[in-house]
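Asker: Structure provided below as structure tokens; questions to follow.
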Amino acid sequence: MNRLFQNRRSGVSLFSQVFKNFSTTSVNQHLIKLTRVRVVDNSAIGKAAAISGKPAYVIHVYNKTGVGTIGDKVLVAIQGQKKRGYIVGCKQKQRAMVPRFDSNNIVLIEDNGTPTGTRVTVPLPSMLRSMKGDFTKILSLATTFV
């Protein structure tokens with residue numbers, strides 16, 4: 001109690017002393033440049049990145065806004081290489097009937113549009129079926145949908 005009284009006299013509030021390492025800024029929950037993403041297919045480069053502890057990160061989002069959501073095409077840097085991929089899961093707050101994921105997930109594709117891996121290891125959102133784009137090959141690799 002004596003310490004609290006001394007802090008009040010010196011002009012330092014108790015709140016600032018107790019919560020000096022507490023941040024109140026909002027969390028960045030959308031996919032923009034330099035956002036780390038998790039590769040969810042069984043490609044060799046994705047597995048190597050996960051084992052080494054150096055995840056892929058977004059370099060460019062191929063849309064007008066520059067903010068990626070589910071179904072957008074992105075360019076990522078992974079293991080010193082540039083690869084393209086589709087976003088198949090986001091942590092950001094989603095609109096109604098769209099699932100929210102615990103991590104930002106992508107599936108890597110080659111330049112011609114074929115997936116790099118042969119299997120997708122997480123459930124994919126079923127809304128990808130109705131979206132425009134080349135998702136048929138990615139959807140054929142998935143075993144479960146949300």
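Chain labels run A, B, ... following the order of the structure tokens; each chain numbers its residues from 1, and ligands are numbered from 1 in the order shown.
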List the neighbours of Ser43 (chain A) out to 10 Å using only C-alpha atoms; skip same-chain residues closer than 2 positions along the sequence, and give me the result as a PyMOL selection string.
Answerer: chain A and resi 39-41+45-48+107-109+115-120
Asker: What does the distance between CA of Phe101 (chain A) and CA of Ala77 (chain A) come to in Å, to one decimal place?
Answerer: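 Atom-to-atom, CA of Phe101 (chain A) and CA of Ala77 (chain A) are spaced 21.7 Å apart.
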Asker: Taking the DSSP assignment computed from this structure's backbone, write out as a ChimeraX atom specification all residues of region 20-145 of chain A that belong to strand (DSSP E).
Answerer: /A:36-39,56-61,73-78,81-89,105-109
Asker: Could you give me, as a ChimeraX atom specification, the residues within 9 Å of Asp102 (chain A), counting only C-alpha atoms and dropping anything in the same chain fewer than 4 positions from it?
Answerer: /A:89-91
Asker: Using only C-alpha atoms, find the one residue out of A:Gly133, A:Gly85, A:Gly53, A:Gly68 that sits nearest to Glu110 (chain A).
Answerer: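 Under the stated criterion, the closest residue is A:Gly85.
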Asker: For CA of Ile32 (chain A) and CA of Lys54 (chain A), quote the distance in Å rounded to one decimal.
Answerer: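 Result for CA of Ile32 (chain A) versus CA of Lys54 (chain A): 18.0 Å, one decimal.
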Asker: What separation in Å, quoted to one decimal, exists between CA of Thr143 (chain A) and CA of Ser52 (chain A)?
Answerer: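 Separation of CA of Thr143 (chain A) and CA of Ser52 (chain A): 26.8 Å.
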Asker: Write out as a VMD selection string each polymer residue whose atoms come within 9 Å of His60 (chain A), counting only C-alpha atoms; drop sequence neighbours fewer than 5 positions from it.
Answerer: chain A and resid 32 to 34 66 73 to 76
Asker: List as a list of chain:residue names the protein and nucleic acid residues near Phe135 (chain A), meaning an atom at most 12 Å away when only C-alpha atoms are counted, but skip any in the same chain fewer than 5 places from it.
Answerer: A:Ile70, A:Gly71, A:Asp72, A:Lys73, A:Gly85, A:Tyr86, A:Ile87, A:Val88, A:Val107, A:Leu108, A:Ile109, A:Gly113, A:Thr114, A:Pro115, A:Leu124, A:Pro125, A:Ser126, A:Met127, A:Leu128, A:Arg129, A:Ser130, A:Ser140, A:Leu141, A:Ala142
Asker: Counting only C-alpha atoms, figure out which residue out of A:Thr144, A:Asn105, A:Ile138, A:Pro123 gets nearest to Thr69 (chain A).
Answerer: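 Using only C-alpha atoms, the shortest distance to Thr69 (chain A) belongs to A:Asn105.
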Asker: Going by DSSP on the backbone, which bits of region 42-138 of chain A are alpha helix (DSSP H)? Write them as a ChimeraX atom specification, please.
Answerer: /A:44-52,136-138
Asker: Of the candidates A:Met131, A:Val122, A:Val58, A:Val146, which one gets nearest to Val98 (chain A) if we count only C-alpha atoms?
Answerer: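 The closest residue to Val98 (chain A) is A:Val146.
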